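Undergrad: Quick one: the structure is below, and I'll ask about it shortly.
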Amino acid sequence: MRRTFPTRRFPIAVILLGGLGGLLTISLSAALALALYVAQDNTVQLLQLHAQSLVQIVEGAVKSRLQPAKSHAKGLADWLAERNLDLTDSALDAVSLSLVAEPSVRGTAIALTDGTVVRVGSNGEFFRSSTDQEPALDRLLRQMSVAEDTDFGEAVWSNEIHEALVITRHPIRLADGRFAGVVASAVTIQDLSAGMTSDRLGAATGFVVRGDGRVLAHPRLAIRPAGDAAAGSPLPTADEVGDPVLAMFLAGKHDLRWTLPNAPGIIGHQLTVEGRRHFLMTTTIPGAVGGTWTAGAYIPAEAAGGYLGRLTIAGAAGIVILLFALAVLWWVARTIRAPADALALASEQVAALEFDHDPVMPYTRVKELEEASEAFRRMIGALRWFETYVPKRLVARLMSDEGDGGMPTRRRAVTVLFTDIVGFSGLSEVDDAKAVAGLLNDHFTLLARCVDAEDGTIDKYIGDSLMAFWGAPSRQEDHAARACRATLAIADAIRAENRRRHADGLAPVRIRIGLFDGRVVAGNIGAPGRINYTLVGDAVNAANRLEQLGKEIDPSAEVVALAGSETIEAAGFPDSAILVGERTLRGRTEPVRVYRLV
């Protein structure tokens, strides 16, 4: 029921124009113009003095340790080519001596196309193996077979010295141009971080991070190893290094970001960590495997010394002007602040499609605000019903990608996924309706969690089947990889769920999964008043046919997941897929090469 109060309410235009219009414009404009001018002047001067030299020191420290490794890899590759791949003990003694001349290079590995592998350490020891025993080097051979020059950036963990290593590698090409192998020389992360000590950077802290946010060099890594690679990566995160400033920067939580006019390629950032401001500068180091590295340094704001003094004076002047303006605007702010803030907070929740709680709207004398609050409460009630039938995640994507203009229908390259429960028809006839609904709800909750984790979109539930896709409405260049990871996650989740069902004396749930890549029509399909955002095209049918093909491939399997060759190749999942063979799917004339994800 709408609340009624006898008090008179005033139009918001009277309050804003009478109190805020004149005084606030003059007072705040003067204060902010002065503060921004001085702040910009001081910030530019501060960063110009420190940024370029600090970042160059960090970049130079890294390159000075990587360059000897690159030179060593190239020189050794040329030397082996000249000696027709001589890997006798006497030749390896010479390789060991070459490492003595390059103290930053901890060791080198030589892998030949005939399967021979030799590792040589800086301590003079070497041992032989084969690519059959070291699949990582076998993959490296395939990668470098088309390379023409040295590159760097691969990070691996060494169990021998218990440290993370950065690998530089160079192809071995014989005189006739044939690819014969690869030389990989290693620099430890500890050595890479040794050039970032306080005697070179003063109060600043230097760092180098990889494209995925893993830390390659940091002063703290110069005195201890990077980790044990137990989590699947030889490099630590900023949190594992124990640097909250770097962690906040990598999380994208900076207050300001700008480019420096007299320092090309350097980007400045301002961050506040535990109440302290820091200025952080970064640049990129190209040529690394997998993209670029980010090199940078940060310094506490108080270390800038007298440069911030003028900023304090400007702030004090702005405060004096603001206090004068706020004394007059106090009643105005008190009148409109609470309801306006409440309405803004509630609007943010609606924009985020959060309708779980009733918005708290305080009483106000402003007529328009009170009417807006009441209308907003009624709107929340209507949206709760709307949320029940429209997927919140899809609506959020459409809003994020296309704004208020709607989602146009277009062709998109996507990966489509179909799942189906084996033997569900017989199960649904035996169990009561409540048990069947509970089983489906639990099953779809499990599947939806795996799809959402890979940022997929659930199109629809069809009986005991689920259809999902990646690559639309927003583009996802790695849509095939996401779909394959989601499929493997679903398989793990089904097996774990079946273990629980077995413990409870329940029959296991077996499913089939089909994946297929292709271009489809993606958009709003349906009749006026009932439209779905969905896909139309051959890839949808093919994914469904692959799911059904699981009946023939392995009818008794707990999980059978089949994918077309395009999906496997685009995802880069050869180690997780087994070739089943070519099959002609119903509705298609050309056979499809089918893989099974395991």
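Labeling convention for the structure tokens: chains A, B, ... as they appear, residues from 1 per chain, ligands from 1 in order of appearance.
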Identify, on the basis of only C-alpha atoms, every residue whose closest approach to Lys551 in chain A does not exceed 12 Å; exclude the query and any residue fewer than 6 positions from it along the same chain; express the result as a ChimeraX atom specification.

TA: /A:420-423,510-514,545,557-562

Undergrad: Please indicate the distance in Å from CA of Thr457 in chain A to CA of Ala542 in chain A, rounded to one decimal place.

TA: 18.1 Å

Undergrad: Just asking: which residues within range 510-551 of chain A are strand (DSSP E or B) according to DSSP, as a tab-separated table (two decimals) with C-alpha atoms, in the first residue's frame?

TA:
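Contents of states_21.tsv, as written:
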chain	number	residue	atom	x	y	z
A	511	ILE	CA	24.99	-38.95	-20.63
A	512	ARG	CA	26.00	-38.34	-24.23
A	513	ILE	CA	27.57	-35.08	-25.41
A	514	GLY	CA	27.99	-33.72	-28.93
A	515	LEU	CA	30.19	-30.76	-29.97
A	516	PHE	CA	30.44	-29.14	-33.39
A	517	ASP	CA	31.90	-25.93	-34.84
A	518	GLY	CA	30.43	-23.91	-37.68
A	519	ARG	CA	28.90	-20.66	-38.85
A	520	VAL	CA	25.28	-20.17	-37.87
A	521	VAL	CA	22.62	-17.49	-37.85
A	522	ALA	CA	22.48	-16.06	-34.32
A	523	GLY	CA	19.77	-13.68	-33.26
A	524	ASN	CA	16.25	-13.15	-32.02
A	525	ILE	CA	14.04	-15.86	-33.51
A	526	GLY	CA	10.32	-16.25	-32.90
A	527	ALA	CA	6.95	-14.59	-33.18
A	530	ARG	CA	7.60	-14.70	-27.74
A	531	ILE	CA	11.16	-14.36	-29.04
A	532	ASN	CA	14.27	-16.34	-28.11
A	533	TYR	CA	17.89	-15.50	-28.76
A	534	THR	CA	19.01	-18.74	-30.42
A	535	LEU	CA	21.07	-20.30	-33.24
A	536	VAL	CA	19.95	-21.65	-36.60

Undergrad: Compile the contact shell of Arg128 in chain A as a ChimeraX atom specification: residues with an atom at most 10 Å away, counting only C-alpha atoms, same-chain residues fewer than 2 positions apart removed.

TA: /A:87,109-111,116-120,126,130

Undergrad: May I have the selected residues written with C-alpha atoms, as a short mmCIF file (atom, residue, chain, number, x, y, z; two decimals), in the first residue's frame?

TA:
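This is the output file out04.cif:
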data_model
loop_
_atom_site.label_atom_id
_atom_site.label_comp_id
_atom_site.auth_asym_id
_atom_site.auth_seq_id
_atom_site.Cartn_x
_atom_site.Cartn_y
_atom_site.Cartn_z
CA LEU A 87 77.17 -35.03 -29.67
CA ALA A 109 69.13 -28.86 -23.73
CA ILE A 110 69.71 -30.21 -27.25
CA ALA A 111 66.91 -32.12 -28.99
CA THR A 116 68.09 -37.75 -29.34
CA VAL A 117 68.02 -35.49 -26.27
CA VAL A 118 71.06 -34.25 -24.32
CA ARG A 119 70.93 -31.99 -21.27
CA VAL A 120 74.06 -30.12 -20.19
CA PHE A 126 75.26 -34.02 -18.83
CA SER A 130 65.09 -39.31 -25.96
#

Undergrad: Find, counting only C-alpha atoms, the residue in A:Ile266, A:Ala222, A:Ala81, A:Leu141 that gets nearest to Asp176 in chain A.

TA: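 Checking each candidate against Asp176 in chain A, we get A:Ala81 as the closest.
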
Undergrad: Name the residues in contact with Ala73 in chain A at a cut-off of 8 Å, using only C-alpha atoms, excluding same-chain residues fewer than 5 positions from it; report them as a list in words.

TA: Thr108, Thr150, Thr168, Arg169, His170, Val183, Ala184 and Ser185 of chain A

Undergrad: Figure out the distance between CA of Arg65 in chain A and CA of Ile267 in chain A, please, to one decimal in Å.

TA: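 Atom-to-atom, CA of Ile267 in chain A to CA of Arg65 in chain A, that is 24.2 Å.
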
Undergrad: Give me the residues near Thr197 in chain A as a list of chain:residue names, where near means some atom within 10 Å (using only C-alpha atoms) and where sequence neighbours in that chain fewer than 3 positions away do not count.

TA: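 Non-adjacent residues within range: A:Val58, A:Ser193, A:Ala194, A:Arg200, A:Leu201, A:Gly202, A:Ala203, A:Ala204, A:Thr205, A:Gly206, A:His218, A:Pro219, A:Arg220, A:Ala222.
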
Undergrad: Extract, using only C-alpha atoms, all DNA, RNA and protein residues at most 12 Å from Lys63 in chain A, discarding same-chain residues fewer than 5 positions from it, and format them as a VMD selection string.

TA: chain A and resid 56 to 58 68 to 71 104 152 to 153 166 168 187 191 to 193 195 208 217 285 to 288 293 295

Undergrad: Deliver the residues from the most recent selection as a file, using C-alpha atoms, as a PDB file, in the first residue's frame.

TA:
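Dumped to part-v4.pdb:
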ATOM      1  CA  GLN A  56      64.392   1.285 -18.499  1.00  0.00           C
ATOM      2  CA  ILE A  57      66.398  -0.097 -15.571  1.00  0.00           C
ATOM      3  CA  VAL A  58      63.911  -2.943 -15.136  1.00  0.00           C
ATOM      4  CA  PRO A  68      73.457 -14.126 -23.124  1.00  0.00           C
ATOM      5  CA  ALA A  69      71.038 -17.079 -23.139  1.00  0.00           C
ATOM      6  CA  LYS A  70      69.780 -16.128 -26.608  1.00  0.00           C
ATOM      7  CA  SER A  71      73.337 -15.723 -27.893  1.00  0.00           C
ATOM      8  CA  SER A 104      73.569 -16.401 -16.202  1.00  0.00           C
ATOM      9  CA  PHE A 152      62.261 -16.585 -25.519  1.00  0.00           C
ATOM     10  CA  GLY A 153      59.516 -16.734 -23.005  1.00  0.00           C
ATOM     11  CA  VAL A 166      62.885 -19.046 -18.677  1.00  0.00           C
ATOM     12  CA  THR A 168      65.433 -19.279 -24.977  1.00  0.00           C
ATOM     13  CA  VAL A 187      67.926 -18.651 -17.174  1.00  0.00           C
ATOM     14  CA  ASP A 191      68.804 -14.672 -11.780  1.00  0.00           C
ATOM     15  CA  LEU A 192      66.254 -12.738 -13.845  1.00  0.00           C
ATOM     16  CA  SER A 193      65.171 -10.885 -10.696  1.00  0.00           C
ATOM     17  CA  GLY A 195      68.867  -6.814 -11.352  1.00  0.00           C
ATOM     18  CA  VAL A 208      58.133  -8.223 -15.026  1.00  0.00           C
ATOM     19  CA  ALA A 217      60.885 -11.167 -12.178  1.00  0.00           C
ATOM     20  CA  ILE A 285      58.819  -6.268 -23.907  1.00  0.00           C
ATOM     21  CA  PRO A 286      57.956  -7.761 -27.329  1.00  0.00           C
ATOM     22  CA  GLY A 287      59.220 -11.048 -28.704  1.00  0.00           C
ATOM     23  CA  ALA A 288      58.147 -13.321 -25.869  1.00  0.00           C
ATOM     24  CA  TRP A 293      55.765  -9.228 -21.265  1.00  0.00           C
ATOM     25  CA  ALA A 295      57.941  -4.584 -17.393  1.00  0.00           C
TER      26      ALA A 295
END

Undergrad: Please indicate the distance in Å from CA of Val509 in chain A to CA of Ala448 in chain A, rounded to one decimal place.

TA: 16.1 Å

Undergrad: Do a neighbour search on Phe424 in chain A at 10 Å with only C-alpha atoms, toss out local chain neighbours closer than 5 positions, and write the hits as a PyMOL selection string.

TA: chain A and resi 429-430+436+440+463-465+509-511

Undergrad: Include C-alpha atoms and write out the residues we just selected as a JSON list (two decimals), in the first residue's frame.

TA:
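Result file is result_25.json:
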[["chain", "number", "residue", "atom", "x", "y", "z"],
["A", 429, "GLU", "CA", 8.01, -43.65, -16.56],
["A", 430, "VAL", "CA", 9.09, -45.54, -13.43],
["A", 436, "VAL", "CA", 11.93, -36.92, -12.04],
["A", 440, "LEU", "CA", 16.44, -33.03, -13.84],
["A", 463, "GLY", "CA", 13.25, -32.61, -21.86],
["A", 464, "ASP", "CA", 16.40, -34.23, -20.48],
["A", 465, "SER", "CA", 18.64, -32.51, -23.06],
["A", 509, "VAL", "CA", 23.25, -41.14, -14.61],
["A", 510, "ARG", "CA", 24.85, -41.69, -18.02],
["A", 511, "ILE", "CA", 24.99, -38.95, -20.63]]
